[in-house]
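Printed here is target_38.cif (mmCIF, C-alpha atoms):
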data_upload
#
loop_
_atom_site.label_atom_id
_atom_site.label_comp_id
_atom_site.auth_asym_id
_atom_site.auth_seq_id
_atom_site.Cartn_x
_atom_site.Cartn_y
_atom_site.Cartn_z
CA MET A 13 0.00 0.00 0.00
CA SER A 14 1.14 3.56 -0.76
CA ILE A 15 1.70 5.59 2.42
CA GLY A 16 -0.34 8.38 0.88
CA VAL A 17 -0.54 12.06 1.77
CA ALA A 18 -1.41 13.09 5.32
CA ILE A 19 -4.68 14.83 6.16
CA THR A 20 -4.14 16.97 9.26
CA GLY A 21 -7.20 19.21 9.35
CA MET A 22 -10.82 19.41 8.19
CA GLY A 23 -13.57 22.02 8.09
CA ILE A 24 -17.15 21.89 6.82
CA ILE A 25 -20.45 23.72 6.72
CA SER A 26 -23.50 22.04 5.20
CA SER A 27 -27.23 21.71 5.65
CA ILE A 28 -26.68 19.16 8.43
CA GLY A 29 -24.19 21.15 10.46
CA ASN A 30 -21.90 24.12 10.80
CA SER A 31 -18.83 22.11 11.84
CA VAL A 32 -17.25 18.68 11.51
CA GLU A 33 -18.72 17.68 14.87
CA GLU A 34 -22.26 18.77 13.94
CA ASN A 35 -22.08 16.97 10.61
CA TYR A 36 -20.89 13.77 12.27
CA SER A 37 -23.69 13.92 14.85
CA ALA A 38 -26.28 14.29 12.10
CA LEU A 39 -24.83 11.34 10.18
CA LEU A 40 -24.86 9.18 13.30
CA ASN A 41 -28.46 10.05 14.14
CA SER A 42 -29.88 10.05 10.57
CA HIS A 43 -30.80 13.73 10.77
CA ALA A 44 -31.15 14.85 7.14
CA GLY A 45 -30.97 18.50 6.09
CA ILE A 46 -33.39 18.34 3.15
CA THR A 47 -36.06 21.03 3.39
CA THR A 48 -37.94 23.58 1.31
CA ILE A 49 -36.11 26.68 0.04
CA GLU A 50 -36.01 29.69 2.34
CA ASN A 51 -33.09 31.93 1.27
CA ILE A 52 -33.87 32.24 -2.44
CA ALA A 53 -36.97 33.79 -4.01
CA THR A 54 -37.95 31.25 -6.65
CA VAL A 55 -41.15 29.92 -8.18
CA HIS A 56 -39.85 26.43 -7.34
CA ALA A 57 -39.75 27.09 -3.58
CA ASP A 58 -42.75 24.88 -2.82
CA VAL A 59 -42.07 22.37 -5.59
CA ILE A 60 -38.61 20.98 -4.80
CA LYS A 61 -36.62 20.17 -1.69
CA VAL A 62 -32.99 21.16 -1.15
CA GLY A 63 -30.11 20.87 1.28
CA GLU A 64 -30.00 24.52 2.32
CA ILE A 65 -27.80 26.04 5.02
CA LYS A 66 -30.20 27.92 7.27
CA LYS A 67 -28.07 31.02 7.64
CA THR A 68 -28.78 34.25 5.83
CA ASN A 69 -26.04 36.11 4.00
CA GLN A 70 -26.12 38.78 6.71
CA GLU A 71 -25.56 36.15 9.37
CA LEU A 72 -22.55 34.84 7.42
CA ILE A 73 -21.21 38.39 7.06
CA ASP A 74 -21.53 38.93 10.81
CA GLU A 75 -19.85 35.59 11.57
CA LEU A 76 -16.87 36.48 9.38
CA GLN A 77 -16.86 40.11 10.58
CA LEU A 78 -16.70 41.42 7.03
CA ALA A 79 -16.78 45.12 6.20
CA LYS A 80 -20.17 46.61 5.45
CA ASP A 81 -19.17 47.39 1.84
CA ASN A 82 -17.79 43.88 1.12
CA ASN A 83 -18.57 42.12 -2.17
CA PHE A 84 -18.37 38.53 -0.91
CA SER A 85 -20.67 36.07 -2.59
CA ARG A 86 -22.40 33.44 -0.47
CA THR A 87 -20.12 30.87 -2.11
CA ALA A 88 -17.03 32.77 -0.91
CA MET A 89 -18.40 33.16 2.61
CA LEU A 90 -19.22 29.46 2.99
CA GLY A 91 -15.78 28.57 1.64
CA THR A 92 -14.03 30.96 4.01
CA ILE A 93 -15.83 29.49 7.03
CA ALA A 94 -14.89 25.91 6.11
CA ALA A 95 -11.29 26.78 5.19
CA LYS A 96 -10.74 28.63 8.46
CA GLN A 97 -12.07 25.65 10.38
CA ALA A 98 -9.69 23.32 8.53
CA VAL A 99 -6.64 25.51 9.20
CA LYS A 100 -7.55 25.79 12.89
CA ASN A 101 -8.15 22.03 13.12
CA ALA A 102 -4.70 21.43 11.64
CA GLY A 103 -3.13 23.61 14.33
CA ILE A 104 -1.66 26.04 11.81
CA THR A 105 -0.72 29.38 13.37
CA SER A 106 1.70 30.65 10.71
CA ILE A 107 0.20 29.82 7.35
CA ASN A 108 3.11 31.02 5.23
CA GLU A 109 5.85 29.40 7.30
CA TYR A 110 6.03 26.52 4.80
CA ARG A 111 5.32 26.30 1.07
CA THR A 112 1.55 26.36 1.27
CA GLY A 113 -1.08 26.36 -1.47
CA LEU A 114 -4.85 26.68 -1.78
CA ILE A 115 -6.77 24.69 -4.38
CA SER A 116 -10.46 25.51 -4.26
CA ALA A 117 -13.27 24.15 -6.39
CA THR A 118 -16.56 25.77 -7.36
CA SER A 119 -19.27 25.61 -10.01
CA VAL A 120 -21.39 28.70 -9.44
CA GLY A 121 -18.62 31.02 -8.24
CA GLY A 122 -20.18 34.38 -7.37
CA MET A 123 -23.26 33.75 -9.45
CA ASP A 124 -25.53 33.64 -6.41
CA MET A 125 -25.01 37.40 -6.01
CA THR A 126 -24.62 38.56 -9.61
CA GLU A 127 -27.90 36.88 -10.59
CA ARG A 128 -29.65 38.50 -7.63
CA TYR A 129 -28.83 42.02 -8.83
CA TYR A 130 -28.88 41.37 -12.56
CA HIS A 131 -31.67 43.86 -13.25
CA GLU A 132 -30.28 46.58 -10.95
CA TYR A 133 -26.77 47.21 -12.24
CA PHE A 134 -27.66 50.24 -14.37
CA GLU A 135 -29.91 51.80 -11.72
CA ASN A 136 -28.16 50.97 -8.45
CA PRO A 137 -24.43 51.76 -8.28
CA ASN A 138 -24.20 50.14 -4.84
CA VAL A 139 -24.52 46.63 -6.29
CA VAL A 140 -22.06 47.02 -9.20
CA LYS A 141 -19.34 45.76 -6.83
CA TYR A 142 -20.69 42.20 -7.15
CA ILE A 143 -19.87 41.98 -10.86
CA SER A 144 -16.16 41.55 -10.10
CA SER A 145 -16.98 38.69 -7.72
CA HIS A 146 -18.73 36.67 -10.44
CA ASN A 147 -15.79 34.61 -11.69
CA ALA A 148 -14.89 31.33 -10.02
CA GLY A 149 -11.39 32.46 -9.10
CA ASP A 150 -12.65 35.39 -7.04
CA ASN A 151 -13.92 33.00 -4.38
CA THR A 152 -10.51 31.38 -4.09
CA ASN A 153 -8.74 34.74 -3.87
CA LYS A 154 -11.08 35.87 -1.11
CA ILE A 155 -10.60 32.66 0.88
CA ALA A 156 -6.81 33.00 0.52
CA ALA A 157 -6.93 36.63 1.63
CA GLU A 158 -8.99 35.77 4.71
CA LEU A 159 -6.48 33.05 5.58
CA GLY A 160 -3.55 35.40 4.94
CA LEU A 161 -2.16 32.95 2.40
CA ILE A 162 0.28 34.26 -0.21
CA GLY A 163 1.40 30.95 -1.74
CA MET A 164 0.09 29.06 -4.75
CA ILE A 165 -3.61 29.76 -5.34
CA THR A 166 -5.70 28.10 -8.03
CA THR A 167 -9.30 27.17 -8.83
CA ILE A 168 -10.78 24.02 -10.33
CA SER A 169 -14.20 23.82 -11.98
CA THR A 170 -15.07 20.42 -13.43
CA ALA A 171 -18.72 20.34 -12.37
CA CYS A 172 -19.55 17.77 -9.68
CA SER A 173 -16.07 16.22 -9.57
CA SER A 174 -14.40 19.60 -8.94
CA SER A 175 -13.30 19.20 -5.34
CA ALA A 176 -12.21 15.60 -5.93
CA ASN A 177 -9.85 16.98 -8.56
CA ALA A 178 -8.75 19.72 -6.14
CA ILE A 179 -7.86 17.06 -3.55
CA MET A 180 -6.11 14.98 -6.20
CA LEU A 181 -4.06 17.94 -7.46
CA GLY A 182 -3.12 18.89 -3.91
CA ALA A 183 -1.91 15.36 -3.17
CA ARG A 184 0.11 15.33 -6.37
CA MET A 185 1.70 18.70 -5.57
CA ILE A 186 2.89 17.34 -2.23
CA LYS A 187 4.08 13.99 -3.59
CA SER A 188 6.05 15.76 -6.32
CA GLY A 189 7.73 18.01 -3.76
CA LYS A 190 6.26 21.23 -5.16
CA LEU A 191 4.49 22.17 -1.91
CA ASP A 192 4.74 21.23 1.77
CA ARG A 193 1.12 21.88 2.61
CA VAL A 194 -2.08 22.39 0.59
CA ILE A 195 -5.56 23.44 1.65
CA VAL A 196 -7.94 21.63 -0.70
CA GLY A 197 -11.70 21.50 -1.07
CA GLY A 198 -14.67 23.23 -2.60
CA THR A 199 -17.60 25.53 -2.08
CA ASP A 200 -20.92 26.14 -3.80
CA ALA A 201 -23.94 28.13 -2.71
CA MET A 202 -27.46 27.61 -3.95
CA SER A 203 -28.46 29.77 -6.90
CA LYS A 204 -31.38 30.26 -9.23
CA PHE A 205 -29.11 29.30 -12.10
CA THR A 206 -28.50 25.80 -10.74
CA ILE A 207 -32.10 25.34 -9.60
CA ASN A 208 -33.46 26.33 -13.01
CA GLY A 209 -30.73 24.47 -14.87
CA PHE A 210 -31.29 21.14 -13.14
CA LYS A 211 -35.04 21.66 -13.38
CA THR A 212 -34.64 22.04 -17.16
CA LEU A 213 -32.64 18.81 -17.27
CA MET A 214 -35.59 17.17 -15.50
CA ILE A 215 -33.40 15.42 -12.94
CA LEU A 216 -34.68 17.13 -9.77
CA SER A 217 -36.84 15.07 -7.44
CA ASP A 218 -40.13 16.46 -6.16
CA GLY A 219 -39.52 14.58 -2.91
CA TYR A 220 -36.57 13.22 -0.97
CA ASN A 221 -33.78 11.72 -3.07
CA LYS A 222 -33.46 7.91 -2.95
CA PRO A 223 -30.05 6.77 -4.25
CA PHE A 224 -29.92 3.29 -5.75
CA ASP A 225 -33.66 2.81 -5.24
CA ASN A 226 -35.58 1.34 -8.15
CA ASP A 227 -38.16 4.14 -7.86
CA ARG A 228 -35.69 7.02 -7.60
CA LYS A 229 -36.86 10.24 -9.28
CA GLY A 230 -33.82 12.48 -9.18
CA LEU A 231 -31.61 14.59 -6.96
CA ASN A 232 -32.06 17.30 -4.35
CA LEU A 233 -29.68 20.22 -4.80
CA GLY A 234 -27.66 21.37 -1.83
CA GLU A 235 -25.11 23.97 -0.78
CA ALA A 236 -21.98 23.41 1.28
CA ALA A 237 -18.28 24.00 1.67
CA ALA A 238 -15.53 21.75 2.97
CA PHE A 239 -11.74 21.91 3.05
CA LEU A 240 -8.99 19.55 4.14
CA VAL A 241 -5.37 20.32 4.98
CA LEU A 242 -2.88 18.02 3.27
CA GLU A 243 0.71 17.96 4.52
CA SER A 244 3.91 16.26 3.48
CA GLU A 245 5.38 13.42 5.51
CA GLU A 246 8.44 15.55 6.28
CA LEU A 247 6.30 18.36 7.68
CA VAL A 248 4.17 15.95 9.71
CA LYS A 249 7.29 14.49 11.34
CA LYS A 250 8.96 17.85 11.87
CA GLU A 251 5.90 19.38 13.54
CA ASN A 252 4.81 16.11 15.21
CA LYS A 253 1.38 16.54 13.65
CA LYS A 254 -1.63 14.31 14.30
CA VAL A 255 -2.70 12.58 11.07
CA LEU A 256 -6.46 12.13 10.69
CA ALA A 257 -6.20 9.84 7.65
CA ARG A 258 -4.35 9.71 4.35
CA VAL A 259 -5.15 10.28 0.70
CA SER A 260 -3.75 7.03 -0.63
CA GLY A 261 -5.28 6.87 -4.11
CA TYR A 262 -6.78 9.16 -6.72
CA ALA A 263 -7.55 9.20 -10.41
CA ASN A 264 -9.53 10.99 -13.09
CA ALA A 265 -10.96 9.55 -16.29
CA ASN A 266 -13.32 10.94 -18.89
CA ASP A 267 -16.42 9.03 -19.86
CA ALA A 268 -16.51 10.87 -23.22
CA PHE A 269 -20.13 9.85 -23.69
CA HIS A 270 -22.50 12.81 -23.30
CA GLN A 271 -22.57 16.41 -22.06
CA THR A 272 -24.60 15.60 -18.96
CA ALA A 273 -25.09 11.82 -18.84
CA SER A 274 -22.72 8.99 -17.99
CA SER A 275 -22.42 5.91 -20.17
CA GLU A 276 -24.78 3.11 -19.17
CA ASN A 277 -21.85 0.78 -18.54
CA GLY A 278 -20.01 3.32 -16.37
CA ASP A 279 -16.84 3.37 -18.45
CA GLY A 280 -15.44 6.58 -16.92
CA ALA A 281 -16.29 5.52 -13.38
CA PHE A 282 -14.72 2.10 -13.90
CA LEU A 283 -11.51 3.59 -15.29
CA ALA A 284 -11.24 6.17 -12.50
CA MET A 285 -11.64 3.55 -9.79
CA LYS A 286 -9.24 1.15 -11.49
CA LYS A 287 -6.55 3.84 -11.83
CA ALA A 288 -7.03 4.96 -8.21
CA PHE A 289 -6.32 1.42 -7.00
CA LYS A 290 -3.08 1.43 -8.94
CA ILE A 291 -1.95 4.68 -7.30
CA ALA A 292 -2.94 3.41 -3.84
CA GLN A 293 -1.31 0.01 -4.45
CA LEU A 294 -4.47 -1.61 -3.15
CA GLN A 295 -6.76 -4.36 -4.40
CA PRO A 296 -10.55 -3.92 -4.65
CA ASN A 297 -11.12 -6.46 -1.87
CA GLN A 298 -9.26 -4.18 0.56
CA ILE A 299 -11.94 -1.47 0.38
CA ASP A 300 -14.21 -1.52 3.43
CA TYR A 301 -16.69 1.19 2.43
CA VAL A 302 -17.62 3.03 -0.76
CA ASN A 303 -19.08 6.52 -0.45
CA VAL A 304 -20.80 6.45 -3.83
CA HIS A 305 -21.57 9.48 -5.95
CA GLY A 306 -25.17 8.29 -5.66
CA THR A 307 -27.13 11.26 -6.96
CA ALA A 308 -30.41 9.29 -7.17
CA THR A 309 -30.84 10.16 -10.84
CA PRO A 310 -31.83 7.24 -13.09
CA ASN A 311 -28.66 7.60 -15.15
CA ASN A 312 -26.02 8.03 -12.44
CA ASP A 313 -27.03 5.17 -10.19
CA LEU A 314 -27.29 2.74 -13.09
CA SER A 315 -23.92 3.82 -14.49
CA GLU A 316 -22.11 3.84 -11.14
CA GLY A 317 -23.67 0.56 -10.08
CA ARG A 318 -22.57 -1.20 -13.23
CA ALA A 319 -19.07 0.24 -12.83
CA MET A 320 -18.85 -1.16 -9.29
CA VAL A 321 -20.09 -4.56 -10.44
CA ARG A 322 -17.42 -4.56 -13.17
CA LEU A 323 -14.70 -3.67 -10.68
CA PHE A 324 -15.64 -5.62 -7.56
CA GLY A 325 -17.91 -8.37 -8.91
CA GLU A 326 -21.68 -8.32 -8.33
CA ASN A 327 -21.56 -10.32 -5.10
CA LYS A 328 -18.36 -8.73 -3.80
CA VAL A 329 -19.23 -5.00 -3.73
CA PRO A 330 -18.24 -3.63 -0.28
CA ASP A 331 -20.64 -1.83 2.02
CA PHE A 332 -21.69 1.31 0.18
CA SER A 333 -23.96 4.29 0.69
CA SER A 334 -24.68 7.73 -0.65
CA THR A 335 -24.70 10.55 1.88
CA LYS A 336 -26.55 12.88 -0.50
CA PRO A 337 -29.93 12.12 1.16
CA PHE A 338 -28.45 14.00 4.14
CA THR A 339 -27.03 17.05 2.35
CA GLY A 340 -28.39 17.08 -1.17
CA HIS A 341 -26.03 17.22 -4.12
CA THR A 342 -23.70 20.11 -3.38
CA LEU A 343 -22.12 20.21 -6.86
CA ALA A 344 -18.47 21.31 -6.73
CA ALA A 345 -18.40 20.92 -2.94
CA ALA A 346 -19.75 17.36 -3.00
CA ALA A 347 -16.45 15.49 -3.15
CA ALA A 348 -14.97 17.66 -0.40
CA ILE A 349 -17.80 17.14 2.07
CA GLU A 350 -17.81 13.44 1.24
CA ALA A 351 -14.04 13.38 1.81
CA VAL A 352 -14.70 14.69 5.31
CA TYR A 353 -17.35 11.98 5.78
CA SER A 354 -14.92 9.35 4.48
CA VAL A 355 -12.31 10.41 7.04
CA LEU A 356 -14.97 10.34 9.78
CA ALA A 357 -15.91 6.82 8.72
CA ILE A 358 -12.27 5.75 9.04
CA GLN A 359 -11.72 7.51 12.37
CA ASN A 360 -14.85 6.11 13.96
CA ASN A 361 -15.16 2.75 12.15
CA VAL A 362 -18.68 3.37 10.86
CA VAL A 363 -20.58 3.08 7.60
CA PHE A 364 -23.15 5.83 7.19
CA PRO A 365 -26.69 4.93 6.10
CA ASN A 366 -28.15 5.42 2.64
CA LEU A 367 -31.40 7.10 3.70
CA ASN A 368 -34.76 6.64 1.94
CA PHE A 369 -33.85 3.35 0.23
CA GLU A 370 -36.76 0.94 -0.23
CA SER A 371 -36.58 -1.17 -3.42
CA PRO A 372 -33.48 -2.68 -5.09
CA MET A 373 -32.83 -1.71 -8.70
CA GLU A 374 -33.90 -4.22 -11.32
CA GLU A 375 -30.61 -4.08 -13.25
CA PHE A 376 -28.38 -5.62 -10.58
CA ASN A 377 -28.33 -7.04 -7.07
CA LEU A 378 -26.89 -4.08 -5.18
CA ILE A 379 -28.36 -2.95 -1.87
CA PRO A 380 -26.78 0.02 -0.06
CA GLN A 381 -26.21 0.09 3.69
CA ARG A 382 -29.55 1.28 5.08
CA THR A 383 -28.68 1.77 8.75
CA LEU A 384 -25.63 2.95 10.63
CA LYS A 385 -23.13 0.10 10.75
CA HIS A 386 -20.12 -0.30 13.00
CA ALA A 387 -17.25 -2.10 11.27
CA THR A 388 -13.49 -1.92 10.95
CA ILE A 389 -12.77 0.69 8.28
CA GLU A 390 -9.24 0.82 6.92
CA HIS A 391 -9.88 2.11 3.39
CA VAL A 392 -12.74 4.17 1.93
CA LEU A 393 -13.30 4.75 -1.77
CA SER A 394 -15.20 7.93 -2.67
CA ASN A 395 -16.61 8.60 -6.14
CA SER A 396 -17.50 11.92 -7.78
CA PHE A 397 -18.70 12.24 -11.37
CA GLY A 398 -19.27 15.50 -13.21
CA PHE A 399 -20.98 16.75 -16.34
CA GLY A 400 -18.94 16.33 -19.46
CA GLY A 401 -17.98 12.84 -18.29
CA ASN A 402 -15.39 14.07 -15.78
CA CYS A 403 -15.08 11.10 -13.40
CA SER A 404 -12.88 11.13 -10.31
CA THR A 405 -12.17 8.64 -7.54
CA LEU A 406 -10.38 9.16 -4.23
CA ILE A 407 -9.21 6.51 -1.79
CA PHE A 408 -8.74 7.42 1.86
CA SER A 409 -6.85 5.18 4.27
CA LYS A 410 -6.33 4.91 8.00
CA SER A 411 -3.07 6.43 9.18
CA GLU A 412 -0.51 3.87 10.27
#

Would you write the structure of this file as structure tokens?
Amino acid sequence: MSIGVAITGMGIISSIGNSVEENYSALLNSHAGITTIENIATVHADVIKVGEIKKTNQELIDELQLAKDNNFSRTAMLGTIAAKQAVKNAGITSINEYRTGLISATSVGGMDMTERYYHEYFENPNVVKYISSHNAGDNTNKIAAELGLIGMITTISTACSSSANAIMLGARMIKSGKLDRVIVGGTDAMSKFTINGFKTLMILSDGYNKPFDNDRKGLNLGEAAAFLVLESEELVKKENKKVLARVSGYANANDAFHQTASSENGDGAFLAMKKAFKIAQLQPNQIDYVNVHGTATPNNDLSEGRAMVRLFGENKVPDFSSTKPFTGHTLAAAAAIEAVYSVLAIQNNVVFPNLNFESPMEEFNLIPQRTLKHATIEHVLSNSFGFGGNCSTLIFSKSE
């Protein structure tokens, strides 16, 4: 097995909690965060359910003690909160003492604010400031500034696999000796653009999402942010750091099938998982838990399920579950929050439940873990698949 890259800190804010501890408690007690929309004025408010963080923008501003004339988007504020938690959890007091980078992922960027004031820019000069916060990179720059970070800063946007790719790039930067420490993760706020876009694709559920259920109708959107601190082995030893878990494997493969759909045989997913095993120097039978992408759309669950059957064998698939019934699908932040959940599974030797499951799919004999299960967890595989066929897999392992 590859020793992997050390994870020394984590931070998260989602619809089921404002910290790692609150998220873990919700997962243990099956407390889902799927509700109706409150913070966005939309005609779909009473039609769909979402994983919304029940904090207003003003409450986030107050929490971060931002200036009154700030132009932070909600995406940037959520990301800043999670990144600060991760840095604190890692015990970092001098962020530029070592070669440190920030790799942040997002899909909507500052769109949640620019869309809000779209019709006011010519009449209200006070809201023009949000235009410059529209691009995806602005969020990353703001997070870096709030952390006081002056090292490498970059942004990844590959749809729903974005933060998996951020984690992968961070691990590669450390293993190649380019950086000593990288803060990696993603952030996405809810927006009308994503609500309307997914509604147009007809893959939103009108109820609670049911991953891998034969009667699944689609996904619930969510918003969240999560970041992890990755550190080199040399730095861990020098600073005598506590290692939460390790990133032992990672890979990306493109399905090259359709703009928004995965191939029915899960070609991209299969290749990503297979390549991740090679990096980790692990065999499929060594995986104890799979945190599946599990969006509860007809296409994803069929594609991902077939990929797992191809890789593990139909009767040898490990315990698996989707945690999206808790949080909704948080787009670019999904892989980062599920990375946090994967580390929690390893630390506490638990498999989280796949809520709302009732009927097995007709296409194969795969049944997710339906209740909280205590088991020895050494290795967790976490999948994230994005539009355009961008498929990524991460493997997390217990620290030796």

Could you spell out the hits of the PyMOL selection byres ((chain A and resi 43-54) around 9) on the shown file, as a ChimeraX atom specification? /A:26-29,37-42,55-69,202-204,207,220,232-234,337-340,367

Ground truth for the PyMOL selection byres ((chain A and resi 93) around 12), written as a PyMOL selection string: chain A and resi 22-26+30-32+72-78+86-92+94-100+154-156+158-159+198-199+236-239

Write out the residues from the selection above, keeping C-alpha atoms, as a PDB file, in the coordinates of the input.
ATOM      1  CA  MET A  22     -10.820  19.410   8.190  1.00  0.00           C
ATOM      2  CA  GLY A  23     -13.570  22.020   8.090  1.00  0.00           C
ATOM      3  CA  ILE A  24     -17.150  21.890   6.820  1.00  0.00           C
ATOM      4  CA  ILE A  25     -20.450  23.720   6.720  1.00  0.00           C
ATOM      5  CA  SER A  26     -23.500  22.040   5.200  1.00  0.00           C
ATOM      6  CA  ASN A  30     -21.900  24.120  10.800  1.00  0.00           C
ATOM      7  CA  SER A  31     -18.830  22.110  11.840  1.00  0.00           C
ATOM      8  CA  VAL A  32     -17.250  18.680  11.510  1.00  0.00           C
ATOM      9  CA  LEU A  72     -22.550  34.840   7.420  1.00  0.00           C
ATOM     10  CA  ILE A  73     -21.210  38.390   7.060  1.00  0.00           C
ATOM     11  CA  ASP A  74     -21.530  38.930  10.810  1.00  0.00           C
ATOM     12  CA  GLU A  75     -19.850  35.590  11.570  1.00  0.00           C
ATOM     13  CA  LEU A  76     -16.870  36.480   9.380  1.00  0.00           C
ATOM     14  CA  GLN A  77     -16.860  40.110  10.580  1.00  0.00           C
ATOM     15  CA  LEU A  78     -16.700  41.420   7.030  1.00  0.00           C
ATOM     16  CA  ARG A  86     -22.400  33.440  -0.470  1.00  0.00           C
ATOM     17  CA  THR A  87     -20.120  30.870  -2.110  1.00  0.00           C
ATOM     18  CA  ALA A  88     -17.030  32.770  -0.910  1.00  0.00           C
ATOM     19  CA  MET A  89     -18.400  33.160   2.610  1.00  0.00           C
ATOM     20  CA  LEU A  90     -19.220  29.460   2.990  1.00  0.00           C
ATOM     21  CA  GLY A  91     -15.780  28.570   1.640  1.00  0.00           C
ATOM     22  CA  THR A  92     -14.030  30.960   4.010  1.00  0.00           C
ATOM     23  CA  ALA A  94     -14.890  25.910   6.110  1.00  0.00           C
ATOM     24  CA  ALA A  95     -11.290  26.780   5.190  1.00  0.00           C
ATOM     25  CA  LYS A  96     -10.740  28.630   8.460  1.00  0.00           C
ATOM     26  CA  GLN A  97     -12.070  25.650  10.380  1.00  0.00           C
ATOM     27  CA  ALA A  98      -9.690  23.320   8.530  1.00  0.00           C
ATOM     28  CA  VAL A  99      -6.640  25.510   9.200  1.00  0.00           C
ATOM     29  CA  LYS A 100      -7.550  25.790  12.890  1.00  0.00           C
ATOM     30  CA  LYS A 154     -11.080  35.870  -1.110  1.00  0.00           C
ATOM     31  CA  ILE A 155     -10.600  32.660   0.880  1.00  0.00           C
ATOM     32  CA  ALA A 156      -6.810  33.000   0.520  1.00  0.00           C
ATOM     33  CA  GLU A 158      -8.990  35.770   4.710  1.00  0.00           C
ATOM     34  CA  LEU A 159      -6.480  33.050   5.580  1.00  0.00           C
ATOM     35  CA  GLY A 198     -14.670  23.230  -2.600  1.00  0.00           C
ATOM     36  CA  THR A 199     -17.600  25.530  -2.080  1.00  0.00           C
ATOM     37  CA  ALA A 236     -21.980  23.410   1.280  1.00  0.00           C
ATOM     38  CA  ALA A 237     -18.280  24.000   1.670  1.00  0.00           C
ATOM     39  CA  ALA A 238     -15.530  21.750   2.970  1.00  0.00           C
ATOM     40  CA  PHE A 239     -11.740  21.910   3.050  1.00  0.00           C
TER      41      PHE A 239
END

What separation in Å, quoted to one decimal, exists between CA of Ile19 (chain A) and CA of Ile291 (chain A)? 17.1 Å

Closest to Ser371 (chain A) among A:Leu191, A:Thr105, A:Asn327, A:Lys222, using only C-alpha atoms?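 Under the stated criterion, the closest residue is A:Lys222.
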
Nearest residue to Ser169 (chain A) out of A:Ala292, A:Ala79, A:Val363, A:Ile115, using all atoms listed in the file?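 Answer, going by the shortest atom-to-atom distance: A:Ile115.
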
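Between CA of Phe210 (chain A) and CA of Thr167 (chain A) there is a distance of 23.2 Å.
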
For Arg382 (chain A), which of A:Ala345, A:Pro223, A:Met125, A:Asn82 is the closest residue, counting all atoms listed in the file?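 Selected residue with least distance to Arg382 (chain A): A:Pro223.
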
Residues returned when the PyMOL selection byres ((chain A and resi 225) around 7) runs on this file, as a PyMOL selection string: chain A and resi 222-224+226-228+369-373

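Atom pair CA of Asn361 (chain A) / CA of Cys403 (chain A) has a distance of 26.9 Å (rounded to one decimal).
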
Closest of A:Lys287, A:Tyr353, A:Asn395, A:Asn252 to Glu34 (chain A) - atom-to-atom distances counting only C-alpha atoms: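 Selected residue with least distance to Glu34 (chain A): A:Tyr353.
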
So which one's closest to Lys229 (chain A), A:Ser217, A:Asn311, A:Asn366, A:Asn266? Using all atoms listed in the file, please. A:Ser217

Let me have the centre and edge lengths in Å, one decimal, of the box along x, y and z around every listed atom of region 47-62 of chain A with 5 Å of margin on each side, as lines of an AutoDock Vina configuration file.
center_x = -37.9
center_y = 27.0
center_z = -2.4
size_x = 19.8
size_y = 23.6
size_z = 21.6

Selected residue of minimal separation from Val321 (chain A) among A:Leu294, A:Ala347, A:Val255, A:Met285, counting only C-alpha atoms: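 When distances to Val321 (chain A) are compared using only C-alpha atoms, the smallest one comes from A:Met285.
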
Shell around Val241 (chain A) at 12 Å using only C-alpha atoms, local window under 6 positions removed, as a ChimeraX atom specification: /A:17-23,94-104,107,112-116,178-179,182-183,186,192-197,248,253-259,348,351-352

Show me the residues close to (-25.5, 0.5, -4.5) - anything with an atom within 9 Å, counting all atoms listed in the file - and format the list as a short mmCIF file (atom, residue, chain, number, x, y, z; two decimals) with C-alpha atoms, in the frame of the given file.
data_model
loop_
_atom_site.label_atom_id
_atom_site.label_comp_id
_atom_site.auth_asym_id
_atom_site.auth_seq_id
_atom_site.Cartn_x
_atom_site.Cartn_y
_atom_site.Cartn_z
CA PRO A 223 -30.05 6.77 -4.25
CA PHE A 224 -29.92 3.29 -5.75
CA ASP A 225 -33.66 2.81 -5.24
CA VAL A 304 -20.80 6.45 -3.83
CA GLY A 306 -25.17 8.29 -5.66
CA ASP A 313 -27.03 5.17 -10.19
CA GLU A 316 -22.11 3.84 -11.14
CA GLY A 317 -23.67 0.56 -10.08
CA MET A 320 -18.85 -1.16 -9.29
CA VAL A 329 -19.23 -5.00 -3.73
CA ASP A 331 -20.64 -1.83 2.02
CA PHE A 332 -21.69 1.31 0.18
CA SER A 333 -23.96 4.29 0.69
CA SER A 334 -24.68 7.73 -0.65
CA PRO A 372 -33.48 -2.68 -5.09
CA MET A 373 -32.83 -1.71 -8.70
CA ASN A 377 -28.33 -7.04 -7.07
CA LEU A 378 -26.89 -4.08 -5.18
CA ILE A 379 -28.36 -2.95 -1.87
CA PRO A 380 -26.78 0.02 -0.06
CA GLN A 381 -26.21 0.09 3.69
#
